[in-house]
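Remarks on the structure that follows.
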Amino acid sequence: MNQLAFHVADLTSISQQGDIFFYKNVHKLQNQSKHPLFHFKIATKMIARLEQAGKQYKVGDQTITALQPTTMDIHEGELLLIIGPSGSGKTTLLSLLGCVIYPSQGRLWVDGMEINELKDSQLAKLRLN
């Protein structure tokens, strides 16, 4: 069985947003696999961008912060690790990037389109592509 082998120590920490740590570095990734699914290329195209994007929910009189304002770029071909404790916003971040929910604040682009400005039907179409 082929395995993808890399070391977390080889990755560069790019940011911390609240309790979430983001690690990525394509250039130092050691791909020891011969499997075609695990071949990496140098990041070129930006596939997502967050600018102070965050998510809050109102529950009665309270405001629950599901994701602290987060700024980052994600490029095609990058290996990205999202690490944080329970409740830090990892799933909320993935829901934003997957165009399942809108940010409460900040801006989000996926595949060059600003998500904040899209209607629900346009968001659904983007998810299908």
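Scheme for the structure tokens: letters A, B, ... for chains in order shown; per-chain residue numbers from 1; ligand numbers from 1 in order shown.
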
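Contact shell of Thr70 of chain A at 7 Å (only C-alpha atoms; same-chain neighbours under 2 positions omitted): Gln17, Leu50, Glu51, Gln52, Ala53, Gly54, Gln68 and Met72 of chain A.
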
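Atom CA of Thr91 of chain A is found 17.6 Å from atom CA of Ile115 of chain A.
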
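Atom CA of Ser86 of chain A sits 9.9 Å away from atom CA of Ile20 of chain A.
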
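The nearest approach to Thr92 of chain A among the residues A:Thr65, A:Ile47, A:Ser121, A:His75, with only C-alpha atoms taken into account, belongs to A:Thr65.
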
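The two atoms in question, atom CA of Asp73 of chain A and atom CA of Lys58 of chain A, are spaced 27.9 Å apart.
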
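With distances restricted to only C-alpha atoms, A:Leu123 is the closest residue to Cys99 of chain A from A:Ile82, A:Ile74, A:Leu123, A:Met46.
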